[in-house]
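**Student:** Just dropping this structure here.
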Amino acid sequence: MSPKTLWQSNSAFAFALAIGTIGGGLFTWLGLPLSWMLGSMTACGLAAILRLPIAGSRRARPPMSAIIGAMLGTQFGPDAVAGIVHWWPALIGLAIYLLIAATLCYFYLVRIVKLDPVTGYFSAMPGGLIDMVLLGAERGGNERTIALMHSSRIFLVVFSLPPLLSLVTGIDAGTRAAAYRPLDGLVAIDAAWFVFAIAAGVLLGRLMRLPAPYLIGPMLASAILHWMNITAFIVPSAVIAIAQIVLGTTVGCRFVGTAPRYILRILLTSAGSTLILLVVALCMAFALQYVLDIPIEGIFLAFSPGGLAEMSLVALALNLEVSFVTLCHISRIAMVVLGASFVARFHTSRD
């Protein structure tokens with residue numbers, strides 16, 4: 001990439017972040033839940049439709065994922081780790097959920113929407129965006145459609161979760177926000193451990209070739225530090241807000257360069273599959289509340305088909321069973337990637 005192109009790309013991303021910050025500030029002023037993420041996501045999505053000179057940045061997500069991973073690790077203290085052994089019914093329920101929901105989405109996208117089978121299959125799988133795009137492209141699927149379908153799913157899930165949680169469970173998402181943590185609450189020694197968790201975690205994630213290494217690696221490093229009582233650092237609210245802005249901005253910027261009419265068609269199509277995924281998730285949440293010592297809103301969020309980083313950050317922002325939600329979403333992505341690869345290879349071998 002030439003210096004001129006690099007400067008233009010960085011300028012476009014900086015402009016997107018400015019728009020996202022304004023959107024987040026507006027949503028915060030209006031008193032809306034998840035204001036920084038929803039506001040930045042909405043503002044940048046509208047900017048993309050209006051064809052303003054904005055762009056996302058692949059280089060911004062890894063360091064932000066590392067910061068989010070270290071933040072999530074703070075939730076895995078001794079009590080949370082001890083509770084993991086009682087969460088096995090959720091993993092069984094998660095496998096059942098994926099089988100039912102993905103099958104229904106596949107038939108909706110192929111039989112009703114009329115996508116080709118490969119594109120419909122990898123668009124229906126509620127897994128990681130990059131994983132599904134790569135697997136789908138390898139097998140002849142429409143890479144652009146798969147990418148936009150998953151981007152739209154994440155956009156719609158994040159946007160609809162606060163009102164859905166209020167409607168279904170009766171909780172007010174606006175009142176569930178985590179308590180404000182001042183920036184000066186992170187003293188020098190805690191800040192040093194925070195940075196260490198990020199650096200060591202990234203190295204660990206890459207050496208172990210973990211899925212989402214920039215997020216899961218720092219999360220494991222931070223969790224170990226907290227579980228061993230080496231540190232008890234708590235990430236300030238300002239850092240969480242910045243993470244929401246960057247993630248919201250990158251989600252909104254995924255629609256850049258796409259014709260507004262095509263964006264609308266993809267959003268409408270994705271709305272159908274997202275509705276299927278959320279309805280099945282809600283049914284599983286109602287069923288599992290009788291066998292898990294987790295509130296129904298926590299189970300619903302754990303089964304909601306958003307991105308790993310986005311859903312974990314939603315749980316952190318709304319103070320909803322963070323360790324449980326994060327573990328379920330890591331398990332979901334692993335199950336989808338392994339299952340999607342197996343089924344695709346099975347069909348390829350039959351052909």
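The chains in the structure tokens are called A, B, ... from first to last as shown; in each chain the residues are counted from 1, and the ligands are counted from 1 in the order shown.
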Kindly assemble as CSV a list of the stretch 244-288 of chain A residues that lie within 10 Å of stretch 112-124 of chain A, each paired with its nearest atom pair and their distance in Å to one decimal, using only C-alpha atoms, sorted first by chain and then by ascending residue number.

**Tutor:**
residue,atom,partner,partner_atom,distance
A:Thr269,CA,A:Val113,CA,7.3
A:Ser270,CA,A:Ser123,CA,9.0
A:Gly272,CA,A:Val113,CA,9.6
A:Ser273,CA,A:Ala124,CA,7.2
A:Thr274,CA,A:Ala124,CA,9.2
A:Leu277,CA,A:Ala124,CA,9.3

**Student:** How would the residues just chosen look if you wrote them out with N, CA, C and O atoms as a compact mmCIF listing (two decimals), in the first residue's frame?

**Tutor:**
# COMPACT_ATOMS: atom_id res chain seq x y z
N THR A 269 -33.54 -9.35 4.10
CA THR A 269 -33.31 -10.79 4.07
C THR A 269 -32.75 -11.27 5.40
O THR A 269 -33.20 -12.27 5.97
N SER A 270 -31.75 -10.54 5.91
CA SER A 270 -31.13 -10.92 7.17
C SER A 270 -32.09 -10.79 8.34
O SER A 270 -31.98 -11.54 9.33
N GLY A 272 -35.14 -11.68 8.43
CA GLY A 272 -35.86 -12.94 8.54
C GLY A 272 -35.05 -14.01 9.23
O GLY A 272 -35.54 -14.68 10.16
N SER A 273 -33.80 -14.18 8.81
CA SER A 273 -32.96 -15.21 9.44
C SER A 273 -32.61 -14.85 10.87
O SER A 273 -32.54 -15.71 11.75
N THR A 274 -32.40 -13.56 11.13
CA THR A 274 -32.10 -13.11 12.50
C THR A 274 -33.28 -13.36 13.42
O THR A 274 -33.12 -13.78 14.58
N LEU A 277 -33.28 -17.02 14.36
CA LEU A 277 -32.24 -17.30 15.34
C LEU A 277 -32.61 -16.81 16.73
O LEU A 277 -32.39 -17.50 17.74

**Student:** Could you list, as a ChimeraX atom specification, every residue within 8 Å of stretch 221-237 of chain A, counting only C-alpha atoms and ignoring same-chain residues fewer than 2 positions away?

**Tutor:** /A:69-78,81,180-183,185-186,190-191,193-194,197-198,200-201,217-219,239-241

**Student:** Stretch 93-96 of chain A: which residues within 12 Å, counting only C-alpha atoms, same-chain residues fewer than 3 positions away excluded, as a ChimeraX atom specification?

**Tutor:** /A:87-90,99-103,126,277,280-289,291-292,299-300,302-305,325,327-336,338-339

**Student:** Only N, CA and C atoms, please: the residues just picked out, written as a compact mmCIF listing (two decimals), in the first residue's frame.

**Tutor:**
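To be explicit, this is the file written out as part-v3.txt:
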# COMPACT_ATOMS: atom_id res chain seq x y z
N TRP A 87 -22.34 -25.52 34.23
CA TRP A 87 -22.93 -24.94 33.02
C TRP A 87 -23.02 -25.92 31.85
N TRP A 88 -22.68 -27.19 32.08
CA TRP A 88 -22.68 -28.15 30.97
C TRP A 88 -24.04 -28.28 30.28
N PRO A 89 -25.21 -28.14 30.99
CA PRO A 89 -26.47 -28.22 30.25
C PRO A 89 -26.59 -27.13 29.17
N ALA A 90 -25.94 -25.98 29.40
CA ALA A 90 -26.00 -24.89 28.41
C ALA A 90 -25.29 -25.30 27.13
N LEU A 99 -28.34 -26.66 15.78
CA LEU A 99 -28.90 -27.61 14.82
C LEU A 99 -30.27 -27.14 14.33
N ILE A 100 -31.13 -26.73 15.26
CA ILE A 100 -32.47 -26.30 14.88
C ILE A 100 -32.45 -24.97 14.15
N ALA A 101 -31.78 -24.00 14.73
CA ALA A 101 -31.80 -22.65 14.17
C ALA A 101 -31.13 -22.58 12.81
N ALA A 102 -29.97 -23.22 12.67
CA ALA A 102 -29.26 -23.18 11.39
C ALA A 102 -30.04 -23.90 10.29
N THR A 103 -30.71 -25.00 10.65
CA THR A 103 -31.52 -25.72 9.66
C THR A 103 -32.68 -24.87 9.17
N PRO A 126 -24.67 -19.33 12.26
CA PRO A 126 -24.37 -18.19 13.16
C PRO A 126 -22.98 -18.28 13.77
N LEU A 277 -33.28 -17.02 14.36
CA LEU A 277 -32.24 -17.30 15.34
C LEU A 277 -32.61 -16.81 16.73
N VAL A 280 -35.60 -18.96 18.31
CA VAL A 280 -35.10 -20.25 18.81
C VAL A 280 -34.25 -20.04 20.06
N ALA A 281 -33.43 -18.98 20.07
CA ALA A 281 -32.62 -18.66 21.26
C ALA A 281 -33.50 -18.39 22.46
N LEU A 282 -34.58 -17.67 22.24
CA LEU A 282 -35.51 -17.36 23.34
C LEU A 282 -36.18 -18.62 23.86
N CYS A 283 -36.57 -19.51 22.96
CA CYS A 283 -37.18 -20.77 23.39
C CYS A 283 -36.20 -21.59 24.23
N MET A 284 -34.94 -21.64 23.82
CA MET A 284 -33.94 -22.38 24.58
C MET A 284 -33.71 -21.72 25.93
N ALA A 285 -33.74 -20.39 25.97
CA ALA A 285 -33.55 -19.69 27.24
C ALA A 285 -34.66 -20.02 28.22
N PHE A 286 -35.90 -20.06 27.75
CA PHE A 286 -37.03 -20.40 28.62
C PHE A 286 -36.90 -21.83 29.12
N ALA A 287 -36.40 -22.75 28.27
CA ALA A 287 -36.26 -24.15 28.68
C ALA A 287 -35.12 -24.33 29.67
N LEU A 288 -33.99 -23.68 29.44
CA LEU A 288 -32.80 -23.88 30.26
C LEU A 288 -32.84 -23.16 31.60
N GLN A 289 -33.75 -22.21 31.76
CA GLN A 289 -33.81 -21.49 33.04
C GLN A 289 -34.17 -22.42 34.19
N VAL A 291 -32.90 -25.48 34.56
CA VAL A 291 -31.80 -26.37 34.91
C VAL A 291 -30.49 -25.62 35.15
N LEU A 292 -30.51 -24.30 34.94
CA LEU A 292 -29.32 -23.49 35.17
C LEU A 292 -29.60 -22.43 36.22
N ILE A 299 -29.14 -16.12 29.92
CA ILE A 299 -29.17 -17.25 28.99
C ILE A 299 -29.52 -16.77 27.59
N PHE A 300 -30.51 -15.88 27.50
CA PHE A 300 -30.92 -15.35 26.19
C PHE A 300 -29.76 -14.62 25.51
N ALA A 302 -26.61 -15.15 26.06
CA ALA A 302 -25.59 -16.14 25.74
C ALA A 302 -25.90 -16.89 24.45
N PHE A 303 -27.18 -17.03 24.12
CA PHE A 303 -27.60 -17.75 22.92
C PHE A 303 -27.88 -16.81 21.75
N SER A 304 -27.89 -15.51 21.97
CA SER A 304 -28.18 -14.55 20.90
C SER A 304 -27.06 -14.58 19.87
N PRO A 305 -27.39 -14.61 18.58
CA PRO A 305 -26.40 -14.89 17.52
C PRO A 305 -25.63 -13.66 17.05
N VAL A 325 -21.84 -15.78 29.47
CA VAL A 325 -22.13 -15.34 28.11
C VAL A 325 -20.91 -15.54 27.21
N LEU A 327 -18.29 -17.59 27.59
CA LEU A 327 -18.00 -19.01 27.38
C LEU A 327 -18.95 -19.62 26.35
N CYS A 328 -20.22 -19.26 26.42
CA CYS A 328 -21.20 -19.80 25.47
C CYS A 328 -20.93 -19.33 24.05
N HIS A 329 -20.53 -18.08 23.89
CA HIS A 329 -20.27 -17.58 22.53
C HIS A 329 -18.99 -18.15 21.95
N ILE A 330 -17.98 -18.38 22.78
CA ILE A 330 -16.78 -19.06 22.30
C ILE A 330 -17.14 -20.47 21.85
N SER A 331 -17.95 -21.16 22.65
CA SER A 331 -18.37 -22.52 22.32
C SER A 331 -19.21 -22.53 21.04
N ARG A 332 -20.09 -21.53 20.89
CA ARG A 332 -20.93 -21.47 19.69
C ARG A 332 -20.09 -21.36 18.42
N ILE A 333 -19.11 -20.46 18.44
CA ILE A 333 -18.28 -20.26 17.25
C ILE A 333 -17.48 -21.52 16.94
N ALA A 334 -16.94 -22.17 17.98
CA ALA A 334 -16.18 -23.41 17.77
C ALA A 334 -17.07 -24.50 17.18
N MET A 335 -18.29 -24.64 17.72
CA MET A 335 -19.22 -25.64 17.21
C MET A 335 -19.60 -25.36 15.75
N VAL A 336 -19.85 -24.10 15.44
CA VAL A 336 -20.27 -23.74 14.08
C VAL A 336 -19.14 -23.99 13.08
N LEU A 338 -16.49 -26.01 13.32
CA LEU A 338 -16.24 -27.44 13.17
C LEU A 338 -17.38 -28.12 12.43
N GLY A 339 -18.63 -27.79 12.82
CA GLY A 339 -19.79 -28.40 12.18
C GLY A 339 -19.93 -28.01 10.73

**Student:** Give the answer as one residue: which of A:Gly45, A:Gly83, A:Gly39, A:Pro53 has the shortest atom-to-atom distance to A:Ala12, using only C-alpha atoms?

**Tutor:**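 Nearest to A:Ala12: A:Pro53.
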
**Student:** Using Å and a single decimal, report how far atom CA of A:Phe324 sits from atom CA of A:Ala238.

**Tutor:**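 If I compute the distance from atom CA of A:Ala238 to atom CA of A:Phe324, I get 23.8 Å.
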
**Student:** Write out as number ranges by chain which residues come within 10 Å of stretch 254-266 of chain A when counting only C-alpha atoms, dropping same-chain ones fewer than 2 positions away.

**Tutor:** A: 44-57, 144-153, 155, 249-252, 268-271

**Student:** Dump N, CA, C and O atoms for the selected residues as a compact mmCIF listing (two decimals), in the first residue's frame?

**Tutor:**
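In the end it all went to out-v8.txt:
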# COMPACT_ATOMS: atom_id res chain seq x y z
N CYS A 44 -22.51 5.33 11.66
CA CYS A 44 -21.64 4.90 10.57
C CYS A 44 -22.41 4.11 9.51
O CYS A 44 -22.06 4.17 8.32
N GLY A 45 -23.44 3.38 9.92
CA GLY A 45 -24.27 2.70 8.94
C GLY A 45 -24.99 3.69 8.03
O GLY A 45 -25.04 3.52 6.81
N LEU A 46 -25.52 4.76 8.62
CA LEU A 46 -26.17 5.81 7.82
C LEU A 46 -25.16 6.53 6.94
O LEU A 46 -25.45 6.86 5.78
N ALA A 47 -23.95 6.76 7.48
CA ALA A 47 -22.91 7.41 6.69
C ALA A 47 -22.52 6.56 5.49
O ALA A 47 -22.25 7.09 4.40
N ALA A 48 -22.50 5.25 5.67
CA ALA A 48 -22.19 4.34 4.56
C ALA A 48 -23.27 4.41 3.49
O ALA A 48 -22.99 4.43 2.28
N ILE A 49 -24.53 4.43 3.92
CA ILE A 49 -25.65 4.52 2.97
C ILE A 49 -25.60 5.83 2.21
O ILE A 49 -25.88 5.89 1.00
N LEU A 50 -25.22 6.91 2.91
CA LEU A 50 -25.13 8.23 2.28
C LEU A 50 -23.83 8.41 1.48
O LEU A 50 -23.60 9.47 0.89
N ARG A 51 -22.99 7.37 1.50
CA ARG A 51 -21.74 7.36 0.74
C ARG A 51 -20.77 8.47 1.17
O ARG A 51 -20.10 9.08 0.35
N LEU A 52 -20.73 8.72 2.46
CA LEU A 52 -19.73 9.65 2.98
C LEU A 52 -18.36 8.96 2.93
O LEU A 52 -18.27 7.73 2.95
N PRO A 53 -17.28 9.72 2.89
CA PRO A 53 -15.94 9.13 2.75
C PRO A 53 -15.42 8.50 4.04
O PRO A 53 -14.50 9.01 4.69
N ILE A 54 -16.02 7.39 4.43
CA ILE A 54 -15.59 6.68 5.63
C ILE A 54 -15.09 5.29 5.23
O ILE A 54 -15.37 4.80 4.13
N ALA A 55 -14.39 4.65 6.13
CA ALA A 55 -13.90 3.30 5.88
C ALA A 55 -13.59 2.64 7.21
O ALA A 55 -13.28 3.31 8.20
N GLY A 56 -13.71 1.32 7.23
CA GLY A 56 -13.31 0.57 8.42
C GLY A 56 -11.80 0.36 8.42
O GLY A 56 -11.09 0.83 7.52
N SER A 57 -11.32 -0.35 9.40
CA SER A 57 -9.88 -0.62 9.50
C SER A 57 -9.66 -2.01 10.08
O SER A 57 -10.10 -2.29 11.21
N ARG A 144 -19.39 -11.89 -1.14
CA ARG A 144 -19.94 -10.60 -0.75
C ARG A 144 -21.28 -10.76 -0.02
O ARG A 144 -21.51 -10.12 1.01
N THR A 145 -22.13 -11.65 -0.54
CA THR A 145 -23.43 -11.86 0.10
C THR A 145 -23.27 -12.46 1.49
O THR A 145 -23.93 -12.04 2.45
N ILE A 146 -22.38 -13.45 1.62
CA ILE A 146 -22.15 -14.07 2.93
C ILE A 146 -21.65 -13.03 3.93
O ILE A 146 -22.12 -12.97 5.07
N ALA A 147 -20.70 -12.19 3.51
CA ALA A 147 -20.15 -11.18 4.40
C ALA A 147 -21.22 -10.19 4.84
O ALA A 147 -21.32 -9.84 6.03
N LEU A 148 -22.03 -9.73 3.90
CA LEU A 148 -23.06 -8.75 4.24
C LEU A 148 -24.18 -9.36 5.07
O LEU A 148 -24.76 -8.70 5.93
N MET A 149 -24.48 -10.64 4.83
CA MET A 149 -25.51 -11.30 5.64
C MET A 149 -25.08 -11.39 7.10
O MET A 149 -25.87 -11.13 8.02
N HIS A 150 -23.82 -11.73 7.33
CA HIS A 150 -23.33 -11.84 8.71
C HIS A 150 -23.16 -10.46 9.34
O HIS A 150 -23.43 -10.28 10.54
N SER A 151 -22.72 -9.48 8.55
CA SER A 151 -22.62 -8.12 9.08
C SER A 151 -23.99 -7.60 9.48
O SER A 151 -24.16 -6.97 10.53
N SER A 152 -25.00 -7.87 8.64
CA SER A 152 -26.36 -7.44 8.94
C SER A 152 -26.91 -8.14 10.17
O SER A 152 -27.59 -7.53 10.99
N ARG A 153 -26.58 -9.44 10.30
CA ARG A 153 -27.05 -10.19 11.48
C ARG A 153 -26.50 -9.57 12.76
O ARG A 153 -27.25 -9.36 13.73
N PHE A 155 -25.39 -6.52 13.18
CA PHE A 155 -26.00 -5.20 13.32
C PHE A 155 -27.39 -5.31 13.93
O PHE A 155 -27.73 -4.59 14.90
N THR A 249 -18.31 1.32 15.20
CA THR A 249 -17.85 1.95 13.96
C THR A 249 -17.48 0.91 12.91
O THR A 249 -17.85 1.03 11.73
N THR A 250 -16.75 -0.13 13.31
CA THR A 250 -16.34 -1.15 12.34
C THR A 250 -17.54 -1.93 11.80
O THR A 250 -17.56 -2.27 10.62
N VAL A 251 -18.54 -2.18 12.65
CA VAL A 251 -19.74 -2.87 12.16
C VAL A 251 -20.49 -2.00 11.16
O VAL A 251 -20.90 -2.46 10.09
N GLY A 252 -20.66 -0.72 11.48
CA GLY A 252 -21.35 0.18 10.56
C GLY A 252 -20.62 0.36 9.25
O GLY A 252 -21.24 0.48 8.19
N LEU A 268 -33.26 -6.68 4.86
CA LEU A 268 -34.58 -7.31 4.92
C LEU A 268 -34.44 -8.83 4.93
O LEU A 268 -35.14 -9.53 5.69
N THR A 269 -33.54 -9.35 4.10
CA THR A 269 -33.31 -10.79 4.07
C THR A 269 -32.75 -11.27 5.40
O THR A 269 -33.20 -12.27 5.97
N SER A 270 -31.75 -10.54 5.91
CA SER A 270 -31.13 -10.92 7.17
C SER A 270 -32.09 -10.79 8.34
O SER A 270 -31.98 -11.54 9.33
N ALA A 271 -33.03 -9.86 8.25
CA ALA A 271 -34.02 -9.70 9.32
C ALA A 271 -34.81 -10.98 9.53
O ALA A 271 -35.11 -11.38 10.67

**Student:** Which one is closest to A:Leu247: A:Leu98, A:Ala315, A:Ile67, A:Met37? Count only C-alpha atoms.

**Tutor:**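 Answer, going by the shortest atom-to-atom distance: A:Met37.
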
**Student:** One decimal, Å: what's the distance from atom CA of A:Gly24 over to atom CA of A:Ser160, could you say?

**Tutor:**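 Atom CA of A:Ser160 lies at a distance of 16.3 Å from atom CA of A:Gly24.
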